[in-house]
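So this block is upload11.txt, compact mmCIF, C-alpha atoms:
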```txt
# COMPACT_ATOMS: atom_id res chain seq x y z
CA MET A 1 52.26 98.50 -231.91
CA PRO A 2 55.28 98.34 -229.56
CA LEU A 3 56.48 101.49 -227.88
CA PRO A 4 59.66 103.11 -229.29
CA GLN A 5 61.65 102.14 -226.16
CA THR A 6 60.46 98.54 -226.43
CA THR A 7 61.44 98.45 -230.12
CA SER A 8 64.96 99.62 -229.26
CA ILE A 9 65.31 96.93 -226.62
CA LEU A 10 64.13 94.21 -229.02
CA ARG A 11 66.51 95.44 -231.75
CA PHE A 12 69.44 95.47 -229.28
CA THR A 13 68.60 91.96 -228.09
CA PHE A 14 68.45 90.71 -231.70
CA VAL A 15 71.89 92.19 -232.41
CA ILE A 16 73.38 90.53 -229.30
CA LEU A 17 71.85 87.15 -230.17
CA ALA A 18 73.10 87.39 -233.74
CA ALA A 19 76.59 88.21 -232.51
CA LEU A 20 76.56 85.27 -230.12
CA LEU A 21 75.42 82.94 -232.89
CA CYS A 22 78.21 84.16 -235.14
CA LEU A 23 80.69 83.72 -232.31
CA GLY A 24 79.41 80.19 -231.80
CA LYS A 25 80.09 79.41 -235.46
CA ALA A 26 83.56 80.97 -235.34
CA VAL A 27 84.63 79.25 -232.09
CA PRO A 28 82.68 75.99 -231.67
CA LEU A 29 82.42 74.60 -228.15
CA ARG A 30 85.01 71.88 -227.55
CA ALA A 31 84.67 68.77 -225.46
CA ASP A 32 86.67 68.46 -222.24
CA GLN A 33 90.34 68.07 -223.25
CA VAL A 34 90.94 65.57 -220.46
CA ASP A 35 88.09 63.38 -221.68
CA GLU A 36 89.52 63.47 -225.20
CA VAL A 37 92.93 62.32 -224.02
CA VAL A 38 91.41 59.65 -221.77
CA SER A 39 89.38 58.28 -224.69
CA ALA A 40 92.38 58.31 -227.02
CA GLN A 41 94.70 56.65 -224.51
CA MET A 42 92.20 53.96 -223.58
CA LYS A 43 91.76 53.10 -227.24
CA GLU A 44 95.46 53.23 -228.12
CA ARG A 45 96.68 51.35 -225.03
CA LYS A 46 93.71 48.93 -224.93
CA ILE A 47 92.72 49.93 -221.40
CA THR A 48 89.47 48.37 -220.22
CA GLY A 49 88.65 50.67 -217.31
CA LEU A 50 89.91 53.94 -215.86
CA SER A 51 89.10 56.15 -212.90
CA LEU A 52 90.28 59.69 -212.28
CA ALA A 53 89.80 62.52 -209.83
CA ILE A 54 90.90 66.11 -210.30
CA ILE A 55 91.61 68.59 -207.50
CA ASP A 56 91.30 72.31 -208.16
CA ASP A 57 90.99 75.16 -205.69
CA GLY A 58 91.33 72.67 -202.84
CA LYS A 59 88.39 70.46 -203.75
CA ILE A 60 87.52 67.59 -206.06
CA VAL A 61 86.06 69.15 -209.21
CA LYS A 62 85.90 65.98 -211.31
CA GLN A 63 85.54 62.38 -210.21
CA GLN A 64 84.69 60.01 -213.02
CA GLY A 65 84.96 56.46 -214.29
CA TYR A 66 85.50 55.41 -217.90
CA GLY A 67 85.13 52.08 -219.65
CA PHE A 68 84.29 48.84 -217.88
CA THR A 69 85.41 46.84 -214.88
CA ASP A 70 86.25 43.88 -217.13
CA LYS A 71 86.59 43.04 -220.82
CA GLY A 72 83.14 41.53 -220.86
CA GLY A 73 81.76 45.08 -220.69
CA ARG A 74 79.04 44.15 -218.23
CA ARG A 75 79.68 46.78 -215.56
CA PRO A 76 80.79 50.34 -216.26
CA VAL A 77 83.51 51.87 -214.10
CA THR A 78 82.00 54.44 -211.73
CA ALA A 79 83.45 56.87 -209.22
CA PHE A 80 83.04 54.09 -206.63
CA THR A 81 84.77 51.28 -208.51
CA LEU A 82 87.74 49.92 -206.54
CA PHE A 83 91.23 49.67 -208.05
CA GLN A 84 94.46 48.41 -206.53
CA ALA A 85 96.71 51.32 -205.61
CA GLY A 86 99.98 49.38 -205.65
CA SER A 87 102.77 51.42 -204.11
CA VAL A 88 100.48 54.40 -203.62
CA SER A 89 99.60 52.33 -200.55
CA LYS A 90 102.91 53.47 -199.03
CA PRO A 91 102.24 57.19 -198.45
CA VAL A 92 98.83 56.36 -196.94
CA ALA A 93 100.51 53.84 -194.63
CA ALA A 94 103.19 56.42 -193.83
CA LEU A 95 100.47 58.80 -192.68
CA GLY A 96 99.26 56.11 -190.28
CA ALA A 97 102.76 55.85 -188.78
CA LEU A 98 103.07 59.64 -188.50
CA HIS A 99 99.69 59.72 -186.76
CA LEU A 100 101.29 57.60 -184.01
CA VAL A 101 104.38 59.85 -183.97
CA ASP A 102 102.09 62.84 -183.37
CA ARG A 103 100.62 61.02 -180.38
CA GLY A 104 103.97 60.06 -178.89
CA LEU A 105 103.59 56.34 -179.52
CA LEU A 106 106.39 56.26 -182.09
CA SER A 107 109.50 58.30 -182.76
CA LEU A 108 110.96 59.07 -186.15
CA ASP A 109 114.54 58.66 -185.00
CA GLU A 110 114.72 55.84 -182.48
CA ASP A 111 115.78 52.27 -183.23
CA VAL A 112 112.66 50.50 -184.56
CA ASN A 113 113.61 47.42 -182.54
CA THR A 114 112.60 49.30 -179.38
CA LYS A 115 108.99 49.11 -180.59
CA LEU A 116 108.96 45.83 -182.51
CA ARG A 117 107.75 42.84 -180.47
CA THR A 118 106.66 39.97 -182.72
CA TRP A 119 109.72 40.25 -184.97
CA ILE A 120 112.84 42.41 -184.82
CA VAL A 121 115.27 43.64 -187.46
CA PRO A 122 118.21 41.19 -187.43
CA GLN A 123 121.42 42.93 -186.39
CA ASN A 124 124.60 42.63 -188.46
CA LYS A 125 127.72 44.57 -189.43
CA TYR A 126 125.62 47.20 -191.23
CA THR A 127 123.45 47.99 -188.21
CA ASP A 128 126.46 48.16 -185.89
CA SER A 129 127.25 51.70 -187.02
CA ARG A 130 123.65 52.96 -187.32
CA LYS A 131 120.27 51.56 -186.42
CA VAL A 132 117.16 51.36 -188.59
CA THR A 133 114.66 54.10 -187.75
CA LEU A 134 111.15 54.95 -188.87
CA ARG A 135 112.44 58.03 -190.72
CA LEU A 136 114.84 55.87 -192.73
CA ILE A 137 112.17 53.28 -193.54
CA LEU A 138 109.67 55.90 -194.74
CA SER A 139 112.28 57.55 -196.99
CA HIS A 140 113.74 54.31 -198.40
CA THR A 141 117.14 54.98 -196.84
CA ALA A 142 117.19 52.19 -194.22
CA GLY A 143 119.39 49.92 -196.37
CA MET A 144 116.70 47.24 -196.43
CA THR A 145 116.24 44.60 -199.11
CA VAL A 146 113.34 43.61 -201.43
CA HIS A 147 112.15 46.18 -203.94
CA GLY A 148 108.58 44.98 -204.51
CA PHE A 149 106.14 42.08 -204.36
CA PRO A 150 104.24 40.04 -206.96
CA GLY A 151 101.34 39.19 -204.65
CA TYR A 152 99.49 35.86 -204.54
CA ALA A 153 96.89 34.40 -206.88
CA LEU A 154 93.46 33.81 -205.38
CA GLY A 155 93.39 30.36 -203.81
CA GLU A 156 97.15 30.24 -203.16
CA PRO A 157 98.40 29.83 -199.59
CA ILE A 158 98.91 33.26 -198.03
CA PRO A 159 101.96 33.65 -195.75
CA THR A 160 101.91 35.32 -192.37
CA LEU A 161 103.68 38.63 -191.90
CA THR A 162 106.49 36.92 -190.01
CA GLN A 163 106.97 34.43 -192.84
CA MET A 164 107.23 37.28 -195.35
CA LEU A 165 109.71 39.18 -193.16
CA ASN A 166 111.86 36.04 -192.89
CA GLY A 167 111.39 34.94 -196.52
CA GLU A 168 109.91 31.62 -195.39
CA LYS A 169 107.47 29.62 -197.47
CA PRO A 170 104.79 30.08 -198.60
CA ALA A 171 106.18 33.64 -198.95
CA ASN A 172 107.45 34.34 -202.48
CA ASN A 173 109.90 37.07 -201.45
CA SER A 174 113.38 36.82 -200.01
CA ALA A 175 114.03 37.73 -196.38
CA ILE A 176 113.87 41.40 -195.36
CA ARG A 177 117.35 42.26 -194.18
CA VAL A 178 119.69 45.24 -193.90
CA ASN A 179 122.56 44.98 -196.39
CA GLU A 180 123.65 48.63 -196.56
CA ILE A 181 124.56 51.00 -193.74
CA PRO A 182 121.26 52.65 -192.74
CA GLY A 183 121.10 56.24 -193.96
CA SER A 184 124.07 55.89 -196.31
CA LYS A 185 122.12 55.82 -199.59
CA TRP A 186 118.68 55.85 -201.15
CA ARG A 187 117.30 52.57 -202.43
CA TYR A 188 113.63 51.80 -202.92
CA SER A 189 112.49 49.09 -200.52
CA GLY A 190 109.00 47.70 -200.26
CA GLY A 191 110.56 45.38 -197.68
CA GLY A 192 111.01 48.30 -195.31
CA TYR A 193 107.27 48.90 -195.40
CA LEU A 194 106.70 45.30 -194.26
CA VAL A 195 108.71 46.22 -191.17
CA LEU A 196 106.51 49.31 -190.81
CA GLN A 197 103.41 47.11 -191.02
CA GLN A 198 104.74 44.89 -188.24
CA MET A 199 105.63 47.91 -186.09
CA LEU A 200 102.15 49.44 -186.36
CA LEU A 201 100.60 46.10 -185.44
CA ASP A 202 102.91 45.68 -182.42
CA VAL A 203 102.41 49.24 -181.14
CA THR A 204 98.63 49.43 -181.52
CA GLY A 205 97.74 45.80 -180.88
CA LYS A 206 95.34 46.01 -183.82
CA PRO A 207 95.44 44.30 -187.22
CA PHE A 208 97.03 46.68 -189.70
CA ALA A 209 93.94 47.03 -191.92
CA ARG A 210 91.73 47.82 -188.92
CA PHE A 211 94.16 50.40 -187.52
CA MET A 212 94.46 52.15 -190.88
CA ASP A 213 90.69 52.17 -191.32
CA GLU A 214 90.14 53.79 -187.92
CA ALA A 215 93.10 56.18 -187.83
CA VAL A 216 93.38 57.34 -191.45
CA LEU A 217 90.77 56.17 -193.95
CA LYS A 218 87.63 57.09 -192.02
CA SER A 219 89.20 60.28 -190.71
CA LEU A 220 89.91 61.55 -194.24
CA GLY A 221 86.57 60.47 -195.67
CA MET A 222 88.10 57.60 -197.68
CA ALA A 223 84.93 55.58 -197.27
CA SER A 224 85.50 53.30 -200.27
CA SER A 225 89.03 52.26 -199.27
CA THR A 226 90.43 49.28 -197.41
CA TYR A 227 93.72 47.50 -196.74
CA SER A 228 91.86 44.22 -196.11
CA GLN A 229 93.42 41.34 -198.06
CA PRO A 230 91.76 39.54 -199.69
CA LEU A 231 88.87 41.91 -200.34
CA PRO A 232 85.69 41.20 -198.36
CA ASP A 233 82.93 39.80 -200.57
CA ASP A 234 80.76 42.92 -200.38
CA MET A 235 83.64 45.09 -201.59
CA ALA A 236 84.88 42.59 -204.20
CA GLU A 237 81.64 43.17 -206.08
CA LYS A 238 82.71 46.81 -206.59
CA ALA A 239 86.24 46.03 -207.78
CA ALA A 240 87.71 46.22 -211.26
CA LYS A 241 89.39 43.17 -212.76
CA GLY A 242 93.07 43.42 -213.60
CA TYR A 243 94.87 42.76 -216.89
CA GLY A 244 98.59 42.56 -217.56
CA ALA A 245 101.81 41.40 -215.97
CA ILE A 246 104.36 42.59 -213.41
CA PHE A 247 107.33 40.82 -211.80
CA GLY A 248 106.71 38.03 -214.31
CA TRP A 249 103.23 37.33 -212.92
CA SER A 250 100.26 37.93 -215.20
CA VAL A 251 96.53 38.26 -214.63
CA ASN A 252 93.66 38.18 -217.10
CA GLY A 253 90.48 39.43 -215.48
CA GLU A 254 91.70 38.66 -211.97
CA SER A 255 93.55 40.34 -209.12
CA HIS A 256 96.26 39.19 -206.76
CA VAL A 257 96.11 39.19 -202.98
CA TYR A 258 98.69 41.47 -201.32
CA PRO A 259 99.23 40.61 -197.65
CA GLU A 260 102.12 43.12 -197.90
CA MET A 261 99.45 45.68 -197.03
CA ALA A 262 101.53 48.73 -196.13
CA ALA A 263 103.63 48.31 -199.27
CA ALA A 264 100.98 47.41 -201.85
CA GLY A 265 97.68 46.31 -200.30
CA LEU A 266 95.35 49.31 -200.59
CA TRP A 267 92.12 48.93 -202.59
CA THR A 268 90.72 52.40 -203.23
CA THR A 269 89.20 54.86 -205.69
CA ALA A 270 90.71 57.85 -207.45
CA GLY A 271 88.39 60.07 -205.43
CA ASP A 272 89.55 58.63 -202.11
CA LEU A 273 93.22 59.11 -203.01
CA ALA A 274 92.35 62.70 -203.95
CA ARG A 275 90.85 63.08 -200.47
CA PHE A 276 94.14 61.83 -199.04
CA ALA A 277 96.03 64.45 -201.08
CA ILE A 278 93.64 67.21 -199.97
CA GLY A 279 94.19 66.09 -196.38
CA ILE A 280 97.93 66.67 -196.80
CA GLN A 281 97.29 70.06 -198.44
CA ASN A 282 94.96 71.09 -195.63
CA ALA A 283 97.34 69.91 -192.91
CA VAL A 284 100.38 71.77 -194.29
CA ALA A 285 98.21 74.90 -194.59
CA GLY A 286 97.33 74.66 -190.90
CA GLN A 287 93.72 73.69 -191.53
CA SER A 288 91.96 70.99 -189.58
CA ASN A 289 93.28 67.48 -190.12
CA PRO A 290 92.37 64.79 -187.56
CA VAL A 291 95.25 62.53 -188.61
CA ILE A 292 98.40 64.67 -188.52
CA SER A 293 99.62 68.06 -187.29
CA GLN A 294 100.91 70.90 -189.44
CA SER A 295 104.46 70.61 -188.08
CA LEU A 296 104.68 66.89 -188.79
CA THR A 297 103.14 67.37 -192.24
CA ARG A 298 105.97 69.78 -193.01
CA GLN A 299 108.41 67.02 -192.09
CA MET A 300 106.46 64.58 -194.26
CA LEU A 301 107.03 66.98 -197.17
CA THR A 302 110.74 67.53 -196.49
CA SER A 303 113.26 65.75 -198.67
CA GLN A 304 115.41 63.26 -196.77
CA LYS A 305 117.54 62.18 -199.73
CA ASN A 306 117.13 62.38 -203.53
CA ASN A 307 113.83 64.36 -203.26
CA VAL A 308 112.24 61.53 -201.33
CA ALA A 309 110.32 62.60 -198.25
CA LEU A 310 108.47 60.51 -195.66
CA GLY A 311 106.43 58.20 -197.84
CA LEU A 312 106.23 60.66 -200.73
CA PHE A 313 108.26 61.67 -203.77
CA LEU A 314 108.80 65.40 -204.30
CA THR A 315 109.13 67.54 -207.42
CA GLY A 316 109.85 71.27 -207.59
CA SER A 317 110.24 73.62 -204.64
CA GLY A 318 108.63 76.55 -202.88
CA ARG A 319 105.09 77.36 -203.96
CA THR A 320 105.23 74.84 -206.80
CA LEU A 321 106.34 71.89 -204.66
CA ARG A 322 104.48 68.75 -205.71
CA PHE A 323 104.17 65.48 -203.81
CA GLY A 324 103.04 62.16 -205.15
CA HIS A 325 103.59 58.48 -205.75
CA ASP A 326 102.83 55.94 -208.45
CA GLY A 327 102.13 52.27 -208.16
CA ALA A 328 101.60 48.99 -209.96
CA THR A 329 100.33 45.58 -208.97
CA ALA A 330 99.48 42.64 -211.20
CA GLY A 331 96.88 44.11 -213.55
CA PHE A 332 96.72 47.66 -212.19
CA ASP A 333 98.59 50.99 -212.56
CA ALA A 334 97.99 54.15 -210.53
CA ALA A 335 99.48 57.59 -209.96
CA MET A 336 98.80 60.49 -207.60
CA SER A 337 100.28 63.97 -207.95
CA ALA A 338 99.35 67.13 -206.03
CA TYR A 339 100.75 70.52 -205.10
CA ALA A 340 101.61 71.02 -201.45
CA TYR A 341 100.84 74.74 -201.26
CA MET A 342 98.12 75.19 -203.85
CA GLY A 343 94.91 73.26 -204.19
CA LYS A 344 95.70 71.39 -207.40
CA GLY A 345 96.28 67.74 -208.12
CA ALA A 346 94.96 64.55 -209.69
CA VAL A 347 94.76 60.78 -209.39
CA VAL A 348 94.55 58.33 -212.30
CA MET A 349 93.96 54.57 -211.90
CA ILE A 350 93.65 51.90 -214.61
CA ASN A 351 93.07 48.14 -214.62
CA LYS A 352 95.97 47.34 -216.90
CA ASN A 353 99.76 47.26 -216.57
CA ASP A 354 100.93 49.93 -218.98
CA SER A 355 104.33 51.05 -217.58
CA GLY A 356 102.85 54.42 -216.68
CA ASP A 357 102.59 55.63 -220.27
CA ALA A 358 98.84 56.29 -220.45
CA VAL A 359 98.62 57.45 -216.84
CA ASN A 360 101.37 60.03 -217.36
CA ARG A 361 99.81 61.34 -220.58
CA ILE A 362 96.47 61.78 -218.87
CA LEU A 363 98.12 63.59 -215.96
CA GLY A 364 99.78 65.83 -218.54
CA ALA A 365 96.40 66.66 -220.08
CA ILE A 366 95.02 67.51 -216.65
CA ALA A 367 98.05 69.69 -215.91
CA GLN A 368 97.55 71.56 -219.17
CA GLN A 369 93.81 72.09 -218.81
CA TYR A 370 93.99 73.12 -215.14
CA HIS A 371 97.09 75.29 -215.55
CA TRP A 372 99.54 73.47 -213.31
CA PRO A 373 102.71 75.55 -212.94
CA ASP A 374 106.16 74.06 -213.60
CA TYR A 375 104.81 70.76 -214.91
CA ASP A 376 106.56 68.95 -217.76
CA ILE A 377 103.85 67.86 -220.17
CA PRO A 378 104.76 64.47 -221.73
CA LYS A 379 105.54 64.70 -225.44
CA LYS A 380 103.14 62.90 -227.76
```

Structure translated into structure tokens:
Amino acid sequence: MPLPQTTSILRFTFVILAALLCLGKAVPLRADQVDEVVSAQMKERKITGLSLAIIDDGKIVKQQGYGFTDKGGRRPVTAFTLFQAGSVSKPVAALGALHLVDRGLLSLDEDVNTKLRTWIVPQNKYTDSRKVTLRLILSHTAGMTVHGFPGYALGEPIPTLTQMLNGEKPANNSAIRVNEIPGSKWRYSGGGYLVLQQMLLDVTGKPFARFMDEAVLKSLGMASSTYSQPLPDDMAEKAAKGYGAIFGWSVNGESHVYPEMAAAGLWTTAGDLARFAIGIQNAVAGQSNPVISQSLTRQMLTSQKNNVALGLFLTGSGRTLRFGHDGATAGFDAAMSAYAYMGKGAVVMINKNDSGDAVNRILGAIAQQYHWPDYDIPKK
């Protein structure tokens, strides 16, 4: 026979368990809201594969792949599956340039032609009044031509950087030139980032992909990322296949080569781009960052014109300032968004051109579940 005290304890435990069971019936446990939205969007938008990473409290709290690398369904997307970042390549490349500014090898406000060696910005009536500078290139205010690039199908002749800058065959873009007074207006220019790519090559004497690997990617722990174009065979095995069309070029289970590396050439994972975002958050907070100083990070997050900073787009202000970028190449869409002064953010990458619709809805679900302040949730 149990002791009276033991009987009381058992009775109390039974009451608590019964209450918990009743509570469980009244409020059933619900699956992760983000997963629900991801599943719904992939089905609705016919997305084959998706990768996401979520930042909360200054660290990656979720890094996950969904679906498959191709429509054959043979290989599931994992946290280490590579996707093309498209124009999200630009802020990462910008960080490489700012790394050299921190070390006195480049200046934000001097004429870029003082550092260019292999090719120089052609002078004309627009550059007579003001010269092109690194600050203007990074903020899309240099007055330079060419919005974006379609890339090259595997097996096509790949132009040299000089051929692309001059718009010479086999390049499929027009020449990169200044046709507005530098600094006079904002106009998106992937062409400006080709000039940046040439400048980093000329200043460091290293191929762009190698410099970025050594100065930025390895330093931030972006171990699955590369600017190498085309992808090395060992990394190509880990890459998703693209589906869709952009700039009139379509792919169906393939991917284009982007020798315009600084503008659109980064192969990466959602987790690695989240590490990039955390690196910016840490740097602006004065924490250790081997790539860039706190003072220069503050400049990187300062609007130059139209809420465009140095390689990044800005939303909000003060404590709720967010930085980010989206991107698209043939067969791939991506978006990165993170808060500068609080450890929140996310990256979403898909292997389909979807005009940002699914990516933005998934970011909205993340914002809602992780309580992002001052974030406009997309309407359903």

**Asked** Could you pull the residues within 7 Å of stretch 125-133 of chain A, counting only C-alpha atoms, minus those fewer than 6 positions along the same chain, as an NGL selection string?
**Response** :A and (108-112 or 142 or 178-182)

**Prompt:** Could you state the separation of atom CA of A:Tyr258 and atom CA of A:Gly151 in Å, given to one decimal place?
**Reply:**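 These two atoms are separated by 4.8 Å.
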
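As for atom CA of A:Arg361 and atom CA of A:Asp57, they are spaced 22.1 Å apart.
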
Counting only C-alpha atoms, what are the residues of stretch 300-352 of chain A within 12 Å of stretch 153-168 of chain A, and for each of them which pair of atoms is the nearest and at what distance in Å, to one decimal? Sort the table by chain and rising number, as a Markdown table.
```
| residue | atom | partner | partner_atom | distance |
| --- | --- | --- | --- | --- |
| A:Thr329 | CA | A:Ala153 | CA | 11.9 |
| A:Ala330 | CA | A:Ala153 | CA | 9.7 |
| A:Gly331 | CA | A:Ala153 | CA | 11.8 |
```

**Message:** Show me the residues around (101.0, 54.6, -202.6) - criterion: an atom at most 10 Å away, only C-alpha atoms counted - as a ChimeraX atom specification.
**Reply:** /A:84-94,262-266,273,311-312,324-328,334-336

For those residues, write C-alpha atoms to a file as a short mmCIF file (atom, residue, chain, number, x, y, z; two decimals), in the coordinates of the input.
```cif
data_model
loop_
_atom_site.label_atom_id
_atom_site.label_comp_id
_atom_site.auth_asym_id
_atom_site.auth_seq_id
_atom_site.Cartn_x
_atom_site.Cartn_y
_atom_site.Cartn_z
CA GLN A 84 94.46 48.41 -206.53
CA ALA A 85 96.71 51.32 -205.61
CA GLY A 86 99.98 49.38 -205.65
CA SER A 87 102.77 51.42 -204.11
CA VAL A 88 100.48 54.40 -203.62
CA SER A 89 99.60 52.33 -200.55
CA LYS A 90 102.91 53.47 -199.03
CA PRO A 91 102.24 57.19 -198.45
CA VAL A 92 98.83 56.36 -196.94
CA ALA A 93 100.51 53.84 -194.63
CA ALA A 94 103.19 56.42 -193.83
CA ALA A 262 101.53 48.73 -196.13
CA ALA A 263 103.63 48.31 -199.27
CA ALA A 264 100.98 47.41 -201.85
CA GLY A 265 97.68 46.31 -200.30
CA LEU A 266 95.35 49.31 -200.59
CA LEU A 273 93.22 59.11 -203.01
CA GLY A 311 106.43 58.20 -197.84
CA LEU A 312 106.23 60.66 -200.73
CA GLY A 324 103.04 62.16 -205.15
CA HIS A 325 103.59 58.48 -205.75
CA ASP A 326 102.83 55.94 -208.45
CA GLY A 327 102.13 52.27 -208.16
CA ALA A 328 101.60 48.99 -209.96
CA ALA A 334 97.99 54.15 -210.53
CA ALA A 335 99.48 57.59 -209.96
CA MET A 336 98.80 60.49 -207.60
#
```

**Prompt:** Which residue, A:Gly356, A:Gly286, A:Pro170, A:Gly221, has the smallest gap to A:Asp333 when you use all atoms listed in the file?
**Reply:** A:Gly356

**Item:** Spatial neighbours of A:Leu116, 8 Å, all atoms listed in the file, chain gap at least 4 places, as a VMD selection string
**Value:** chain A and resid 112 120 198 to 199 202 to 203

**Message:** Residues near stretch 287-294 of chain A, anyone? I mean within 10 Å using all atoms listed in the file, not counting same-chain ones fewer than 4 positions away, as number ranges by chain.
**Reply:** A: 95-103, 215-220, 278-283, 298-300

**Item:** Gap from atom CA of A:Ser51 to atom CA of A:Met349 - Å, one decimal
**Value:** 5.2 Å

**Prompt:** Taking only C-alpha atoms into account, which of A:Phe80, A:Trp372, A:Phe247, A:Trp119 comes nearest A:Ser224?
**Reply:** A:Phe80

**Minimum-distance residue to A:Val34, chosen among A:Thr48, A:Ser303, A:Asn351, A:Gln64 (using all atoms listed in the file)** =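 Smallest separation from A:Val34 among the options: A:Gln64.
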
File for stretch 208-240 of chain A (C-alpha atoms), as a PDB file, in the first residue's frame:
```
ATOM      1  CA  PHE A 208      38.784  37.099 -59.921  1.00  0.00           C
ATOM      2  CA  ALA A 209      37.415  33.746 -58.712  1.00  0.00           C
ATOM      3  CA  ARG A 210      40.656  32.947 -56.892  1.00  0.00           C
ATOM      4  CA  PHE A 211      40.842  36.364 -55.227  1.00  0.00           C
ATOM      5  CA  MET A 212      37.236  36.137 -54.037  1.00  0.00           C
ATOM      6  CA  ASP A 213      37.784  32.623 -52.717  1.00  0.00           C
ATOM      7  CA  GLU A 214      40.811  33.686 -50.683  1.00  0.00           C
ATOM      8  CA  ALA A 215      39.657  37.122 -49.514  1.00  0.00           C
ATOM      9  CA  VAL A 216      35.931  36.614 -48.893  1.00  0.00           C
ATOM     10  CA  LEU A 217      34.478  33.132 -49.297  1.00  0.00           C
ATOM     11  CA  LYS A 218      36.920  31.193 -47.133  1.00  0.00           C
ATOM     12  CA  SER A 219      37.118  34.007 -44.598  1.00  0.00           C
ATOM     13  CA  LEU A 220      33.343  33.949 -44.024  1.00  0.00           C
ATOM     14  CA  GLY A 221      33.067  30.163 -43.976  1.00  0.00           C
ATOM     15  CA  MET A 222      31.351  30.025 -47.380  1.00  0.00           C
ATOM     16  CA  ALA A 223      32.956  26.670 -48.084  1.00  0.00           C
ATOM     17  CA  SER A 224      30.426  25.538 -50.707  1.00  0.00           C
ATOM     18  CA  SER A 225      30.674  28.697 -52.839  1.00  0.00           C
ATOM     19  CA  THR A 226      32.672  29.601 -55.917  1.00  0.00           C
ATOM     20  CA  TYR A 227      32.816  32.202 -58.674  1.00  0.00           C
ATOM     21  CA  SER A 228      34.540  29.703 -60.996  1.00  0.00           C
ATOM     22  CA  GLN A 229      32.881  29.601 -64.417  1.00  0.00           C
ATOM     23  CA  PRO A 230      32.126  27.043 -65.658  1.00  0.00           C
ATOM     24  CA  LEU A 231      31.780  24.988 -62.495  1.00  0.00           C
ATOM     25  CA  PRO A 232      34.608  22.528 -61.824  1.00  0.00           C
ATOM     26  CA  ASP A 233      33.503  18.920 -62.355  1.00  0.00           C
ATOM     27  CA  ASP A 234      33.623  18.007 -58.663  1.00  0.00           C
ATOM     28  CA  MET A 235      31.298  20.899 -57.797  1.00  0.00           C
ATOM     29  CA  ALA A 236      29.018  20.423 -60.823  1.00  0.00           C
ATOM     30  CA  GLU A 237      27.955  17.107 -59.314  1.00  0.00           C
ATOM     31  CA  LYS A 238      26.465  19.043 -56.365  1.00  0.00           C
ATOM     32  CA  ALA A 239      24.593  21.608 -58.473  1.00  0.00           C
ATOM     33  CA  ALA A 240      20.884  21.907 -59.163  1.00  0.00           C
TER      34      ALA A 240
END
```
